[in-house]
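Visitor: Sharing protein.txt, compact mmCIF, C-alpha atoms:
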```txt
# COMPACT_ATOMS: atom_id res chain seq x y z
CA MET G 284 20.33 -26.25 -21.98
CA ASP G 285 18.02 -27.26 -24.78
CA VAL G 286 14.82 -25.36 -24.25
CA SER G 287 12.88 -27.27 -26.91
CA GLU G 288 13.05 -30.38 -24.72
CA LYS G 289 11.05 -28.57 -22.08
CA LEU G 290 8.07 -28.24 -24.35
CA ILE G 291 7.68 -32.01 -24.74
CA PHE G 292 4.86 -33.42 -22.64
CA PRO G 293 6.19 -35.78 -19.97
CA GLY G 294 5.01 -39.36 -20.48
CA GLN G 295 4.94 -42.27 -22.87
CA LYS G 296 3.13 -42.26 -26.19
CA HIS G 297 1.66 -45.46 -27.61
CA GLU G 298 0.62 -45.23 -31.23
CA THR G 299 -2.69 -46.90 -32.12
CA ALA G 300 -4.52 -47.22 -35.39
CA ASP G 301 -6.61 -44.07 -35.03
CA GLY G 302 -4.40 -41.87 -32.86
CA GLY G 303 -2.59 -42.82 -29.70
CA ILE G 304 -2.60 -43.33 -25.96
CA LEU G 305 -0.57 -41.22 -23.58
CA ILE G 306 0.52 -42.52 -20.22
CA THR G 307 1.79 -40.08 -17.64
CA LYS G 308 1.81 -39.36 -13.95
CA LEU G 309 -0.71 -36.89 -12.57
CA ASP G 310 2.13 -35.06 -10.79
CA ASP G 311 3.96 -34.64 -14.08
CA ALA G 312 0.87 -33.43 -15.91
CA ILE G 313 0.07 -30.86 -13.21
CA ASN G 314 3.65 -29.66 -13.04
CA TRP G 315 3.90 -29.45 -16.81
CA ALA G 316 0.82 -27.26 -16.94
CA ARG G 317 1.91 -25.06 -14.05
CA ALA G 318 5.51 -24.62 -15.08
CA ASN G 319 4.73 -23.64 -18.65
CA SER G 320 2.17 -21.02 -17.83
CA LEU G 321 3.49 -18.85 -15.03
CA TRP G 322 1.81 -15.48 -14.87
CA PRO G 323 4.10 -12.90 -13.28
CA LEU G 324 2.79 -10.05 -11.19
CA VAL G 325 3.72 -6.60 -12.43
CA PHE G 326 5.93 -5.55 -9.55
CA GLY G 327 9.09 -3.46 -9.81
CA THR G 328 10.52 -0.98 -7.35
CA SER G 329 13.71 0.23 -9.00
CA CYS G 330 16.34 -0.31 -11.68
CA CYS G 331 15.96 -4.11 -11.74
CA ALA G 332 12.43 -3.50 -13.00
CA ILE G 333 13.90 -1.97 -16.15
CA GLU G 334 15.77 -5.20 -16.85
CA MET G 335 12.63 -7.15 -16.03
CA MET G 336 10.65 -5.09 -18.55
CA SER G 337 13.39 -5.68 -21.07
CA ALA G 338 13.14 -9.42 -20.46
CA ALA G 339 9.42 -9.16 -21.11
CA ASP G 340 9.73 -7.15 -24.31
CA ALA G 341 10.49 -8.07 -27.90
CA LYS G 342 14.24 -8.49 -27.66
CA TYR G 343 14.36 -11.11 -24.87
CA ASP G 344 10.68 -12.06 -24.92
CA TRP G 345 10.01 -14.23 -21.90
CA SER G 346 6.75 -15.37 -23.46
CA ARG G 347 8.87 -17.93 -25.35
CA PHE G 348 9.02 -19.83 -22.06
CA GLY G 349 5.47 -19.33 -20.91
CA PHE G 350 5.57 -16.06 -18.97
CA GLU G 351 3.71 -13.83 -21.37
CA VAL G 352 0.69 -12.87 -19.30
CA ALA G 353 1.97 -10.32 -16.79
CA ARG G 354 -0.87 -9.46 -14.47
CA ALA G 355 -1.50 -6.22 -12.65
CA THR G 356 -3.44 -7.95 -9.89
CA PRO G 357 -2.01 -10.46 -7.42
CA ARG G 358 -5.20 -12.52 -7.51
CA GLN G 359 -4.43 -13.66 -11.05
CA ALA G 360 -0.66 -14.05 -10.70
CA ASP G 361 1.36 -17.20 -9.97
CA LEU G 362 4.75 -15.59 -9.67
CA ILE G 363 6.08 -12.41 -8.14
CA ILE G 364 9.44 -11.18 -9.37
CA VAL G 365 10.64 -8.82 -6.66
CA ALA G 366 12.67 -6.47 -8.85
CA GLY G 367 14.22 -3.73 -6.77
CA THR G 368 14.96 -2.35 -3.33
CA ILE G 369 12.30 -3.06 -0.73
CA VAL G 370 12.12 -0.37 1.95
CA MET G 371 10.52 -0.78 5.36
CA LYS G 372 7.47 1.13 4.17
CA MET G 373 7.03 -1.16 1.15
CA ALA G 374 7.47 -4.40 3.10
CA PRO G 375 3.88 -4.62 4.44
CA VAL G 376 2.55 -3.84 0.96
CA LEU G 377 4.68 -6.61 -0.54
CA LYS G 378 3.51 -9.03 2.15
CA ARG G 379 -0.10 -8.17 1.44
CA LEU G 380 0.41 -8.66 -2.31
CA TYR G 381 1.98 -12.04 -1.64
CA ASP G 382 -0.88 -13.03 0.67
CA GLN G 383 -3.40 -12.05 -1.99
CA MET G 384 -1.85 -14.35 -4.60
CA ALA G 385 -3.58 -17.70 -5.01
CA ASP G 386 -1.65 -20.92 -4.31
CA PRO G 387 0.54 -22.28 -5.78
CA LYS G 388 2.66 -19.15 -5.80
CA TYR G 389 6.33 -18.57 -6.39
CA VAL G 390 8.81 -15.79 -5.68
CA ILE G 391 11.92 -14.78 -7.58
CA ALA G 392 14.28 -12.40 -5.78
CA MET G 393 15.92 -10.39 -8.54
CA GLY G 394 19.08 -8.41 -7.86
CA ALA G 395 21.34 -7.56 -4.95
CA CYS G 396 18.85 -5.25 -3.17
CA THR G 397 16.20 -7.92 -3.04
CA ILE G 398 18.61 -10.64 -1.97
CA SER G 399 20.46 -8.77 0.76
CA GLY G 400 19.52 -5.10 0.88
CA GLY G 401 21.82 -4.14 -1.94
CA PRO G 402 25.36 -2.99 -2.58
CA PHE G 403 24.54 0.63 -1.71
CA PHE G 404 21.77 0.54 0.84
CA TYR G 405 22.65 -2.55 2.85
CA ASN G 406 23.36 -0.61 6.03
CA THR G 407 20.71 2.08 6.00
CA TYR G 408 17.84 2.48 8.39
CA SER G 409 15.11 2.29 5.79
CA VAL G 410 15.90 -0.75 3.64
CA VAL G 411 14.81 -4.35 4.23
CA LYS G 412 17.97 -6.45 4.29
CA GLY G 413 16.75 -9.15 1.96
CA VAL G 414 13.21 -9.78 0.82
CA ASP G 415 13.33 -13.27 2.41
CA HIS G 416 12.74 -11.48 5.72
CA VAL G 417 9.25 -10.77 4.42
CA ILE G 418 8.22 -13.53 1.99
CA PRO G 419 9.71 -16.94 1.11
CA VAL G 420 11.92 -16.94 -1.98
CA ASP G 421 12.19 -19.77 -4.52
CA VAL G 422 14.92 -18.49 -6.81
CA TYR G 423 17.60 -15.86 -6.22
CA VAL G 424 19.01 -14.06 -9.25
CA PRO G 425 22.17 -12.17 -8.28
CA GLY G 426 23.39 -9.08 -10.11
CA CYS G 427 23.13 -5.32 -9.98
CA PRO G 428 20.99 -5.43 -11.96
CA PRO G 429 21.00 -8.93 -13.47
CA ARG G 430 20.86 -8.97 -17.26
CA PRO G 431 17.63 -10.19 -18.87
CA GLU G 432 19.38 -13.46 -19.74
CA ALA G 433 20.12 -13.97 -16.05
CA LEU G 434 16.50 -13.37 -15.16
CA LEU G 435 15.37 -15.79 -17.87
CA HIS G 436 17.79 -18.35 -16.49
CA GLY G 437 16.32 -17.83 -13.02
CA MET G 438 12.80 -18.22 -14.37
CA ILE G 439 13.71 -21.42 -16.19
CA ALA G 440 15.35 -22.65 -12.98
CA LEU G 441 12.01 -21.99 -11.27
CA GLN G 442 10.28 -24.08 -13.94
CA GLU G 443 12.73 -26.88 -13.18
CA LYS G 444 11.83 -26.61 -9.52
CA ILE G 445 8.13 -26.73 -10.26
CA LYS G 446 8.56 -29.77 -12.48
CA ASN G 447 10.07 -31.68 -9.59
CA GLU G 448 7.26 -31.02 -7.13
CA HIS G 449 5.15 -33.92 -5.85
CA TYR G 450 1.51 -33.90 -4.84
CA PHE G 451 0.63 -37.59 -4.72
CA GLY G 452 2.20 -40.77 -3.35
CA LYS G 453 5.11 -41.40 -1.05
CA LYS G 454 7.35 -38.68 -2.45
CA ALA G 455 4.72 -36.06 -1.63
CA GLU G 456 4.66 -37.30 1.98
CA LYS G 457 8.42 -36.97 2.07
CA ASP G 458 8.27 -33.43 0.69
CA LYS G 459 5.97 -32.37 3.49
CA MET Z 124 15.41 46.96 -16.02
CA VAL Z 125 17.10 43.67 -15.27
CA LEU Z 126 16.81 42.48 -11.73
CA THR Z 127 20.22 41.86 -10.17
CA ASN Z 128 21.48 40.56 -6.85
CA GLU Z 129 22.46 44.13 -5.90
CA ILE Z 130 18.92 45.42 -6.39
CA ILE Z 131 17.43 42.54 -4.41
CA LYS Z 132 19.87 43.10 -1.57
CA GLU Z 133 19.23 46.83 -1.55
CA LYS Z 134 15.45 46.42 -1.47
CA LEU Z 135 15.62 43.81 1.29
CA ASN Z 136 17.92 45.96 3.42
CA GLU Z 137 15.63 48.93 2.90
CA LYS Z 138 12.58 46.96 4.09
CA PHE Z 139 14.34 45.00 6.87
CA PRO Z 140 17.20 47.23 7.99
CA GLY Z 141 19.94 45.40 9.85
CA VAL Z 142 18.21 42.06 10.42
CA LEU Z 143 19.31 40.18 7.32
CA VAL Z 144 22.92 39.03 7.72
CA GLU Z 145 25.57 36.68 6.35
CA TRP Z 146 25.17 37.86 2.78
CA GLY Z 147 26.98 35.91 0.14
CA GLU Z 148 26.89 34.98 -3.51
CA PRO Z 149 28.25 31.45 -3.88
CA TYR Z 150 28.21 30.58 -7.60
CA GLY Z 151 26.27 33.80 -8.18
CA LEU Z 152 23.31 32.72 -6.04
CA LEU Z 153 22.34 35.46 -3.60
CA THR Z 154 22.30 33.98 -0.09
CA PHE Z 155 21.41 35.48 3.26
CA ARG Z 156 20.31 34.61 6.73
CA ALA Z 157 17.07 35.84 8.24
CA PRO Z 158 15.82 35.66 11.84
CA ALA Z 159 13.63 32.57 12.24
CA GLU Z 160 10.61 34.55 13.42
CA LEU Z 161 10.76 36.81 10.36
CA ASN Z 162 10.92 34.06 7.72
CA MET Z 163 7.38 34.56 6.46
CA LYS Z 164 7.58 38.37 6.67
CA VAL Z 165 10.61 38.31 4.38
CA MET Z 166 9.11 35.78 1.98
CA GLN Z 167 5.82 37.66 1.84
CA PHE Z 168 7.72 40.83 0.94
CA LEU Z 169 9.74 38.96 -1.72
CA TYR Z 170 6.47 37.59 -3.08
CA ASP Z 171 4.43 40.80 -3.09
CA ASP Z 172 6.98 43.37 -4.20
CA GLU Z 173 6.41 44.33 -7.83
CA THR Z 174 10.08 44.33 -8.77
CA LEU Z 175 11.21 41.34 -6.71
CA CYS Z 176 8.33 39.03 -7.55
CA PHE Z 177 9.76 35.80 -6.04
CA ARG Z 178 6.65 33.71 -6.51
CA PHE Z 179 8.01 30.20 -6.93
CA LEU Z 180 9.34 28.03 -4.12
CA THR Z 181 11.93 25.81 -5.76
CA ASP Z 182 13.07 23.98 -2.68
CA LEU Z 183 12.78 23.86 1.06
CA THR Z 184 15.05 21.63 3.08
CA GLY Z 185 16.77 21.26 6.41
CA VAL Z 186 20.32 20.97 7.72
CA HIS Z 187 21.57 19.80 11.10
CA PHE Z 188 24.68 21.39 12.63
CA PRO Z 189 25.17 19.56 15.94
CA ASP Z 190 28.10 21.77 17.00
CA ARG Z 191 26.37 25.15 16.64
CA LYS Z 192 24.83 25.72 20.07
CA GLY Z 193 21.40 27.34 19.97
CA GLU Z 194 21.12 27.20 16.19
CA GLU Z 195 21.54 23.51 15.52
CA LEU Z 196 18.82 23.22 12.91
CA SER Z 197 18.55 25.25 9.74
CA VAL Z 198 15.83 25.58 7.15
CA VAL Z 199 16.95 26.60 3.67
CA TYR Z 200 14.51 28.14 1.19
CA HIS Z 201 15.23 28.49 -2.51
CA LEU Z 202 13.03 31.05 -4.23
CA HIS Z 203 12.73 31.74 -7.94
CA ASN Z 204 11.60 34.84 -9.78
CA LEU Z 205 10.19 33.35 -12.96
CA LYS Z 206 9.77 36.74 -14.67
CA ASP Z 207 13.42 37.78 -14.50
CA ASN Z 208 14.71 34.21 -14.05
CA ILE Z 209 16.70 34.90 -10.93
CA ARG Z 210 16.99 32.85 -7.77
CA LEU Z 211 17.91 33.42 -4.15
CA ARG Z 212 18.56 31.36 -1.06
CA MET Z 213 17.33 32.20 2.42
CA LYS Z 214 18.45 30.43 5.57
CA ILE Z 215 17.01 30.48 9.05
CA TYR Z 216 18.31 28.81 12.19
CA VAL Z 217 16.45 27.41 15.20
CA PRO Z 218 17.58 25.59 18.36
CA VAL Z 219 17.15 21.83 18.33
CA GLU Z 220 15.28 21.92 21.66
CA ARG Z 221 12.56 24.12 20.20
CA PRO Z 222 12.54 23.78 16.40
CA ASP Z 223 9.50 25.98 15.72
CA VAL Z 224 9.31 27.50 12.25
CA PHE Z 225 6.38 29.36 10.72
CA THR Z 226 4.92 27.39 7.84
CA ALA Z 227 5.16 28.64 4.26
CA THR Z 228 2.04 26.79 3.17
CA GLN Z 229 -0.15 29.90 3.19
CA LEU Z 230 2.14 31.49 0.62
CA PHE Z 231 3.25 28.47 -1.42
CA SER Z 232 1.11 25.33 -1.71
CA ALA Z 233 4.28 23.50 -2.77
CA ALA Z 234 5.61 23.96 0.75
CA ASN Z 235 3.09 21.47 2.10
CA TRP Z 236 4.87 18.26 1.11
CA MET Z 237 8.34 19.81 1.38
CA GLU Z 238 7.69 20.79 4.98
CA ARG Z 239 6.31 17.36 5.74
CA GLU Z 240 9.50 15.85 4.33
CA THR Z 241 11.69 18.25 6.30
CA TYR Z 242 9.72 17.44 9.44
CA ASP Z 243 10.01 13.74 8.68
CA PHE Z 244 13.80 13.77 8.49
CA PHE Z 245 14.78 16.62 10.85
CA GLY Z 246 11.84 17.12 13.19
CA PHE Z 247 11.03 20.77 12.56
CA ASN Z 248 7.72 21.92 14.00
CA PHE Z 249 6.18 23.95 11.18
CA VAL Z 250 3.73 26.15 13.07
CA GLY Z 251 0.44 26.43 11.17
CA HIS Z 252 1.03 23.53 8.79
CA PRO Z 253 -2.34 21.91 7.99
CA ASN Z 254 -1.15 18.29 8.08
CA LEU Z 255 2.28 17.88 9.67
CA ILE Z 256 2.75 14.10 9.54
CA ARG Z 257 5.48 11.86 8.15
CA ILE Z 258 5.51 11.58 4.39
CA LEU Z 259 8.37 9.25 3.37
CA ASN Z 260 9.33 7.19 6.40
CA VAL Z 261 7.14 4.62 8.10
CA ASP Z 262 4.51 6.12 10.38
CA GLU Z 263 5.80 4.16 13.39
CA MET Z 264 9.27 5.74 13.21
CA ASP Z 265 10.04 7.50 16.50
CA TYR Z 266 13.14 9.48 15.55
CA PHE Z 267 14.36 11.86 12.86
CA PRO Z 268 16.90 9.92 10.82
CA MET Z 269 18.77 12.79 9.15
CA ARG Z 270 19.89 14.26 12.46
CA LYS Z 271 23.59 13.73 12.93
CA GLU Z 272 23.33 11.76 16.18
CA TYR Z 273 21.98 8.84 14.17
CA PRO Z 274 24.79 7.01 12.37
CA MET Z 275 24.60 6.83 8.61
CA GLU Z 276 24.96 3.07 8.68
CA ASP Z 277 23.07 0.52 10.72
CA PRO Z 278 25.39 -0.32 13.67
CA THR Z 279 23.51 -3.53 14.51
CA ARG Z 280 24.43 -5.19 11.25
CA VAL Z 281 26.96 -8.02 11.69
CA ASP Z 282 26.44 -10.31 8.73
CA LYS Z 283 28.14 -8.04 6.23
CA ASP Z 284 31.71 -6.89 6.46
CA ASP Z 285 33.27 -3.95 4.68
CA GLU Z 286 36.09 -6.25 3.68
CA MET Z 287 33.73 -7.91 1.23
CA PHE Z 288 33.23 -4.57 -0.45
CA GLY Z 289 36.92 -3.80 -0.82
CA ARG Z 290 37.12 -0.98 1.72
CA GLY Z 291 38.73 -2.24 4.89
CA GLY Z 292 36.95 -4.16 7.58
CA THR Z 293 37.55 -6.61 10.39
CA ILE Z 294 38.59 -9.65 8.37
CA VAL Z 295 42.38 -9.58 8.05
```
Translate the structure described by the file into structure tokens.
Guide:
Amino acid sequence: MDVSEKLIFPGQKHETADGGILITKLDDAINWARANSLWPLVFGTSCCAIEMMSAADAKYDWSRFGFEVARATPRQADLIIVAGTIVMKMAPVLKRLYDQMADPKYVIAMGACTISGGPFFYNTYSVVKGVDHVIPVDVYVPGCPPRPEALLHGMIALQEKIKNEHYFGKKAEKDK
Amino acid sequence: MVLTNEIIKEKLNEKFPGVLVEWGEPYGLLTFRAPAELNMKVMQFLYDDETLCFRFLTDLTGVHFPDRKGEELSVVYHLHNLKDNIRLRMKIYVPVERPDVFTATQLFSAANWMERETYDFFGFNFVGHPNLIRILNVDEMDYFPMRKEYPMEDPTRVDKDDEMFGRGGTIV
């Protein structure tokens, strides 16, 4: 996939003598702005968080795609990457964090533990068997743990999803 | 003088004649069993004695032996003498119907959280503990998950089959 295409503003440009006119749909403009500036919440509960940190740091650098501002408070975050095992005791905390995030908000379930309870813990008494029992998930990134490239792919897939959302017109009615 | 297992054993037997049993030295670690009601007496002696000087509680944990009638639950203490760098292990046993154990918190502050954890998973009643509540599991939990009557795996789970993990299962 050619990432540079994603940076182009959606719409038609019409050159004029002293500049130009841009015609676009409001949906596209909103989605373009939202998708290219997703602020992730700092949230990691186990080894997947190490890969997530790696994806954030210099080598993989998710800020290339608009994720640079990781926030330590849910009230300023758009995206929560659930990176790691969620135990029964953590579940209410995670739910509260999700509730405190302002709409629109998105969730990425990173790794086997988050998707299903994990390859090791899936049958224990203390582990939530998939974070989608607690909060709705937009993108699942499988792996144990997924490599940073996989997480970046999942995040770009989320951007794709956001870019296809509709707020106005008949399509928005259909989406509801 | 270097403190050795022999000296420790001799001093303990001198102070508590005949009550400390099941002596052993697996991997060189002096191990013995004490009566449950004497656990703090023994530890206080190990702490106070000038030569023994066991003043660091390395670990405190529990074990469940469902087949040993009248002594189903065991508490294991690991003590460390930091001066001579020597360790020992002390075990006590209590019945599962009445798992009362004197707390070690007056002697070692470190015992506070360790005893809460041991209570959390095995259900010991640490008599005299200042705050004996669950520490790791959810507060609403109404059982002690490390006891053997609770299966290691969740028996209600049906959506995952061992076959998918390459270790047998129901799918043939």
Visitor: Show me which bits of chain G are within 9 Å of chain Z, counting only C-alpha atoms, as a VMD selection string.
Guide: chain G and resid 371 to 372 402 404 to 409
Visitor: So how far away is CA of Ala338 in chain G from CA of Pro431 in chain G, in Å?
Guide: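 Separation between CA of Pro431 in chain G and CA of Ala338 in chain G: 4.8 Å.
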Visitor: Leaving out Leu377 in chain G and any residue of its chain fewer than 3 positions from it, which residues lie within 12 Å of it when counting all atoms listed in the file, given as a VMD selection string?
Guide: chain G and resid 324 to 328 357 363 to 374 380 to 384 390 397 411 414 to 419
Visitor: Expressed in Å to a single decimal, how great is the separation between CA of Pro429 in chain G and CA of Met335 in chain G?
Guide: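 Distance between the two atoms: 8.9 Å.
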Visitor: Find the residue from G:Thr307, G:Ser320, G:Ser337, G:Thr299 that sits nearest to Pro428 in chain G; use all atoms listed in the file when measuring.
Guide: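 Going through G:Thr307, G:Ser320, G:Ser337, G:Thr299 one by one, the smallest distance to Pro428 in chain G is for G:Ser337.
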Visitor: For Tyr200 in chain Z, work out the shell of residues within 8 Å, counting only C-alpha atoms and skipping chain neighbours fewer than 4 positions away, then give it as an mmCIF file with C-alpha atoms, in the coordinates of the input.
Guide:
```cif
data_model
loop_
_atom_site.group_PDB
_atom_site.id
_atom_site.type_symbol
_atom_site.label_atom_id
_atom_site.label_comp_id
_atom_site.auth_asym_id
_atom_site.auth_seq_id
_atom_site.Cartn_x
_atom_site.Cartn_y
_atom_site.Cartn_z
ATOM 1 C CA LEU Z 180 9.340 28.030 -4.120
ATOM 2 C CA THR Z 181 11.930 25.810 -5.760
ATOM 3 C CA ASP Z 182 13.070 23.980 -2.680
ATOM 4 C CA LEU Z 183 12.780 23.860 1.060
ATOM 5 C CA THR Z 184 15.050 21.630 3.080
ATOM 6 C CA ARG Z 212 18.560 31.360 -1.060
ATOM 7 C CA MET Z 213 17.330 32.200 2.420
ATOM 8 C CA LYS Z 214 18.450 30.430 5.570
#
```
Visitor: Rounded to one decimal place, report the CA of Val250 in chain Z-CA of Gly141 in chain Z distance in Å.
Guide: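 The value is 25.4 Å.
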Visitor: Which residue, Z:Lys271, Z:Met163, Z:Asn204, Z:Thr241, has the smallest gap to Arg257 in chain Z when you use only C-alpha atoms?
Guide: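 Distance minimum relative to Arg257 in chain Z lands on Z:Thr241.
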Visitor: My list of candidates is G:Arg358, G:Lys446, G:Lys388, G:Lys378. Which is closest to Leu309 in chain G when distances are computed with all atoms listed in the file?
Guide: G:Lys446
Visitor: Rank G:Trp322, G:Phe403, G:Trp315, G:Tyr423 by their smallest atom-to-atom distance to Arg354 in chain G, using only C-alpha atoms, and report the top residue only.
Guide: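 Between G:Trp322, G:Phe403, G:Trp315, G:Tyr423, the residue approaching Arg354 in chain G most closely is G:Trp322.
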Visitor: Contacts of Leu169 in chain Z at 9 Å or less, counting all atoms listed in the file, minus same-chain residues fewer than 5 places along, as a PDB file with C-alpha atoms, in the coordinates of the input?
Guide:
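As a result, selection-v2.pdb now contains:
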```pdb
ATOM      1  CA  ILE Z 131      17.430  42.540  -4.410  1.00  0.00           C
ATOM      2  CA  LEU Z 135      15.620  43.810   1.290  1.00  0.00           C
ATOM      3  CA  LYS Z 164       7.580  38.370   6.670  1.00  0.00           C
ATOM      4  CA  THR Z 174      10.080  44.330  -8.770  1.00  0.00           C
ATOM      5  CA  LEU Z 175      11.210  41.340  -6.710  1.00  0.00           C
ATOM      6  CA  CYS Z 176       8.330  39.030  -7.550  1.00  0.00           C
ATOM      7  CA  PHE Z 177       9.760  35.800  -6.040  1.00  0.00           C
ATOM      8  CA  ARG Z 178       6.650  33.710  -6.510  1.00  0.00           C
ATOM      9  CA  LEU Z 202      13.030  31.050  -4.230  1.00  0.00           C
TER      10      LEU Z 202
END
```
Visitor: Which of these, Z:Phe267, Z:Phe245, Z:Trp236, Z:Phe225, has the shortest distance to Pro158 in chain Z once you count only C-alpha atoms?
Guide: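 Smallest separation from Pro158 in chain Z among the options: Z:Phe225.
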Visitor: Is there a way to get, as a ChimeraX atom specification, all residues within 12 Å of the point (4.5, -26.4, -15.7) in file coordinates, counting all atoms listed in the file?
Guide: /G:289-293,310-322,348-350,361,387,438-448
